[in-house]
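Trainee: One file: model25.cif (mmCIF, C-alpha atoms).
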data_final
loop_
_atom_site.label_atom_id
_atom_site.label_comp_id
_atom_site.auth_asym_id
_atom_site.auth_seq_id
_atom_site.Cartn_x
_atom_site.Cartn_y
_atom_site.Cartn_z
CA MET A 1 -43.51 -22.49 141.63
CA HIS A 2 -45.37 -19.26 140.96
CA ARG A 3 -45.83 -20.35 137.36
CA GLN A 4 -47.22 -23.70 138.43
CA LEU A 5 -49.87 -22.04 140.61
CA SER A 6 -50.98 -19.77 137.82
CA VAL A 7 -51.36 -22.74 135.45
CA HIS A 8 -53.49 -24.55 138.05
CA SER A 9 -55.64 -21.48 138.59
CA VAL A 10 -56.21 -21.17 134.83
CA ILE A 11 -57.20 -24.83 134.64
CA ASN A 12 -59.56 -24.43 137.60
CA ARG A 13 -61.20 -21.40 136.00
CA ALA A 14 -61.67 -23.34 132.77
CA MET A 15 -63.25 -26.25 134.67
CA VAL A 16 -65.65 -23.90 136.46
CA LYS A 17 -66.70 -22.38 133.11
CA VAL A 18 -67.33 -25.85 131.67
CA LYS A 19 -69.47 -26.73 134.71
CA GLN A 20 -71.53 -23.56 134.31
CA ASP A 21 -72.13 -24.01 130.57
CA ARG A 22 -72.82 -27.75 130.68
CA ASN A 23 -76.58 -27.25 130.16
CA TYR A 24 -76.25 -24.48 127.54
CA LYS A 25 -77.51 -25.82 124.22
CA VAL A 26 -78.75 -24.08 121.08
CA ILE A 27 -82.03 -25.61 119.94
CA ALA A 28 -82.85 -23.55 116.85
CA GLU A 29 -81.14 -20.60 115.22
CA ASN A 30 -82.48 -18.17 112.63
CA ARG A 31 -79.34 -17.64 110.53
CA ARG A 32 -81.25 -15.91 107.77
CA ALA A 33 -82.33 -13.11 110.14
CA ARG A 34 -78.92 -11.40 110.19
CA PHE A 35 -78.85 -11.48 106.38
CA ASP A 36 -82.34 -10.08 105.89
CA TYR A 37 -82.37 -7.65 108.82
CA GLU A 38 -80.01 -5.22 110.50
CA VAL A 39 -80.29 -6.16 114.19
CA VAL A 40 -80.23 -2.96 116.25
CA GLU A 41 -80.68 -4.49 119.70
CA GLU A 42 -80.99 -7.96 121.23
CA LEU A 43 -83.23 -9.03 124.10
CA GLU A 44 -83.37 -12.29 126.03
CA CYS A 45 -86.83 -13.46 127.07
CA GLY A 46 -88.52 -16.52 128.51
CA ILE A 47 -91.16 -18.53 126.71
CA VAL A 48 -94.28 -20.29 128.01
CA LEU A 49 -94.21 -23.96 126.97
CA THR A 50 -96.07 -27.14 127.81
CA GLY A 51 -94.28 -30.25 129.09
CA SER A 52 -94.43 -32.08 125.76
CA GLU A 53 -92.90 -29.04 124.01
CA VAL A 54 -89.94 -28.97 126.38
CA LYS A 55 -89.35 -32.70 125.93
CA SER A 56 -89.52 -32.25 122.17
CA LEU A 57 -86.98 -29.41 122.36
CA ARG A 58 -84.60 -31.63 124.32
CA VAL A 59 -84.35 -33.85 121.23
CA ASN A 60 -83.72 -30.79 118.98
CA SER A 61 -86.86 -30.62 116.90
CA ALA A 62 -87.74 -26.95 116.44
CA ASN A 63 -87.58 -24.19 113.84
CA VAL A 64 -87.82 -20.42 114.35
CA ALA A 65 -86.70 -19.35 110.87
CA GLU A 66 -90.20 -18.48 109.61
CA SER A 67 -91.51 -17.04 112.87
CA TYR A 68 -91.86 -13.51 114.19
CA ALA A 69 -92.82 -11.81 117.44
CA GLY A 70 -95.49 -9.22 117.97
CA VAL A 71 -96.99 -7.12 120.74
CA GLU A 72 -100.73 -7.67 121.22
CA GLY A 73 -102.39 -5.88 124.09
CA ALA A 74 -99.84 -5.76 126.87
CA GLU A 75 -98.24 -9.11 125.96
CA LEU A 76 -95.53 -10.34 123.62
CA TRP A 77 -96.31 -13.36 121.41
CA LEU A 78 -94.22 -15.65 119.22
CA VAL A 79 -96.12 -16.53 116.05
CA ASN A 80 -95.52 -19.37 113.55
CA SER A 81 -92.68 -21.10 115.39
CA TYR A 82 -92.47 -24.86 114.89
CA ILE A 83 -91.93 -27.39 117.67
CA ALA A 84 -92.41 -30.99 116.53
CA ARG A 85 -94.84 -33.30 118.30
CA TYR A 86 -93.43 -35.42 121.09
CA GLU A 87 -94.48 -38.96 120.21
CA GLN A 88 -94.52 -40.31 123.79
CA ALA A 89 -97.04 -37.62 124.87
CA SER A 90 -99.99 -39.46 123.35
CA ILE A 91 -103.13 -37.49 124.27
CA PHE A 92 -101.34 -34.69 126.11
CA GLY A 93 -99.45 -33.44 123.06
CA HIS A 94 -99.34 -29.93 121.67
CA GLU A 95 -100.05 -28.08 118.44
CA GLU A 96 -96.89 -27.70 116.40
CA ARG A 97 -97.40 -24.10 115.23
CA ARG A 98 -99.38 -22.55 118.06
CA ARG A 99 -98.81 -19.01 119.31
CA ARG A 100 -96.52 -18.95 122.35
CA LYS A 101 -96.34 -16.23 124.95
CA LEU A 102 -92.95 -14.61 125.52
CA LEU A 103 -92.06 -13.49 129.04
CA VAL A 104 -90.72 -9.96 129.40
CA SER A 105 -91.43 -7.16 131.85
CA LYS A 106 -94.20 -4.61 131.22
CA ARG A 107 -91.60 -1.89 130.71
CA GLU A 108 -89.83 -3.97 128.04
CA VAL A 109 -93.16 -4.70 126.30
CA ALA A 110 -93.89 -0.96 126.17
CA LYS A 111 -90.40 -0.31 124.80
CA LEU A 112 -90.77 -3.05 122.15
CA TRP A 113 -94.18 -1.73 121.12
CA ALA A 114 -92.70 1.76 120.71
CA GLU A 115 -89.80 0.36 118.64
CA THR A 116 -92.10 -1.58 116.30
CA GLN A 117 -94.21 1.52 115.66
CA ARG A 118 -91.18 3.19 114.08
CA LYS A 119 -90.79 2.79 110.34
CA GLY A 120 -89.46 -0.60 109.30
CA MET A 121 -88.70 -2.01 112.76
CA THR A 122 -89.74 -5.57 113.61
CA LEU A 123 -89.12 -8.24 116.27
CA VAL A 124 -87.20 -11.19 114.87
CA PRO A 125 -86.42 -14.39 116.82
CA LEU A 126 -82.69 -15.06 116.56
CA VAL A 127 -81.97 -18.08 118.77
CA LEU A 128 -83.97 -20.55 120.86
CA TYR A 129 -81.76 -22.23 123.48
CA PHE A 130 -81.44 -23.84 126.90
CA ASN A 131 -79.52 -21.50 129.21
CA HIS A 132 -76.88 -22.67 131.70
CA ARG A 133 -79.66 -23.56 134.19
CA GLY A 134 -81.48 -25.72 131.62
CA ILE A 135 -84.36 -23.24 131.08
CA VAL A 136 -85.63 -22.51 127.56
CA LYS A 137 -84.91 -18.92 126.52
CA MET A 138 -85.26 -16.98 123.29
CA LYS A 139 -83.09 -14.17 122.00
CA LEU A 140 -85.15 -11.60 120.11
CA GLY A 141 -83.71 -8.96 117.86
CA ILE A 142 -85.17 -5.51 117.30
CA ALA A 143 -84.37 -5.23 113.63
CA LYS A 144 -84.82 -3.13 110.54
CA GLY A 145 -85.24 -4.77 107.13
CA LYS A 146 -82.29 -4.46 104.76
CA LYS A 147 -82.60 -3.26 101.21
CA LEU A 148 -81.03 -5.22 98.34
CA HIS A 149 -78.02 -2.88 98.07
CA ASP A 150 -77.33 -3.34 101.82
CA LYS A 151 -77.27 -7.11 101.36
CA ARG A 152 -74.88 -6.77 98.42
CA ALA A 153 -72.57 -4.54 100.46
CA ASP A 154 -72.54 -7.09 103.29
CA ASP A 155 -71.75 -9.89 100.82
CA ALA A 156 -68.88 -7.88 99.33
CA LYS A 157 -67.49 -7.10 102.79
CA ARG A 158 -67.71 -10.78 103.83
CA ASP A 159 -66.04 -11.91 100.58
CA TRP A 160 -63.23 -9.38 101.02
CA GLY A 161 -62.68 -10.58 104.60
CA ARG A 162 -62.39 -14.20 103.41
CA GLN A 163 -60.02 -13.22 100.61
CA LYS A 164 -57.88 -11.16 102.99
CA GLN A 165 -57.61 -14.09 105.42
CA ARG A 166 -56.65 -16.39 102.54
CA LEU A 167 -53.94 -13.98 101.39
CA LEU A 168 -52.58 -13.58 104.92
CA ARG A 169 -52.43 -17.36 105.40
CA HIS A 170 -50.67 -18.07 102.11
CA GLY A 171 -48.45 -14.99 102.30
CA GLU A 172 -46.78 -16.06 105.56
#
Please go through the file and, once you have read it, give me the structure as structure tokens.
Mentor:
Amino acid sequence: MHRQLSVHSVINRAMVKVKQDRNYKVIAENRRARFDYEVVEELECGIVLTGSEVKSLRVNSANVAESYAGVEGAELWLVNSYIARYEQASIFGHEERRRRKLLVSKREVAKLWAETQRKGMTLVPLVLYFNHRGIVKMKLGIAKGKKLHDKRADDAKRDWGRQKQRLLRHGE
């Protein structure tokens, strides 16, 4: 009987987790960022959007691969991100590549500004997503650009990991 209760409690925990993550959805991911940059730290921030932009994001039409973030004044801005037009928002539409304000505290803006002043550090958007509450969030990475030999070392390490997994699978 004790075993039966523990199985039910595990199932209940799994159901609660599914209920919490029901709204979580990745909209756009910058996969190239981890190849081109060494991400030192990650930061979650909000983003100021218009209604037509949010509706467009709900149908998965965005791209953050070519965008970057920068500190201007005492504010953080996302530059060159793409959110497609929402066709049903006739005259109340939005510009596809407009600058969008990112929402972080003043202390975090000061910290990010200090980080970007160091040699080679930049703010790279990693993921744009709806969190578990259905609110659009962005994960920014404080990153340093990789040199060519760093990229080659990462490729070699990844290839060796794949080969090792293949050998372990076929060896058993």
Trainee: Since I can't run it myself right now, could you work out what the PyMOL selection byres ((chain A and resi 127) around 10) selects here and report it as an MDAnalysis selection string?
Mentor: chainID A and resid 26:31 33 44 63:65 124:126 128:130 137:141
Trainee: Please, what distance in Å, to one decimal, runs between atom CA of A:Arg152 and atom CA of A:Asn80?
Mentor: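 Pair atom CA of A:Arg152 / atom CA of A:Asn80 returns 28.5 Å.
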Trainee: Since I can't run it myself right now, could you work out what the PyMOL selection byres ((chain A and resi 54-58) around 9) selects here and report it as number ranges by chain?
Mentor: A: 27, 49-53, 59-62, 83-87, 129-130, 136
Trainee: What gap, in Å, lies between atom CA of A:Ser67 and atom CA of A:Gly134?
Mentor: 23.0 Å
Trainee: Choose the residue, out of A:Lys101, A:Leu76, A:Asp150, A:Arg107, that has the smallest atom-to-atom separation from A:Ile47; count only C-alpha atoms.
Mentor: A:Lys101
Trainee: Once the PyMOL selection byres ((chain A and resi 142-145) around 10) has been applied to the shown file, what residues remain in the selection, as a VMD selection string?
Mentor: chain A and resid 33 to 43 69 112 115 to 116 118 to 126 140 to 141 146 to 148 150
Trainee: What does the distance from atom CA of A:Val48 to atom CA of A:Arg97 come to in Å, to one decimal?
Mentor: 13.7 Å
Trainee: Find the residue from A:Gln117, A:Ala89, A:Val79, A:Ala74 that sits nearest to A:Ser105; use only C-alpha atoms when measuring.
Mentor: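 That would be A:Ala74, the residue with the smallest distance to A:Ser105.
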Trainee: Write out as a ChimeraX atom specification which residues come within 8 Å of A:Trp77 when counting all atoms listed in the file, dropping same-chain ones fewer than 3 positions away.
Mentor: /A:69-72,99-102
Trainee: Tell me which of A:Tyr82, A:Gln165, A:Cys45, A:Ala153 sits closest to A:His94, counting only C-alpha atoms.
Mentor: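 Checking each of A:Tyr82, A:Gln165, A:Cys45, A:Ala153 against A:His94, counting only C-alpha atoms, the winner is A:Tyr82.
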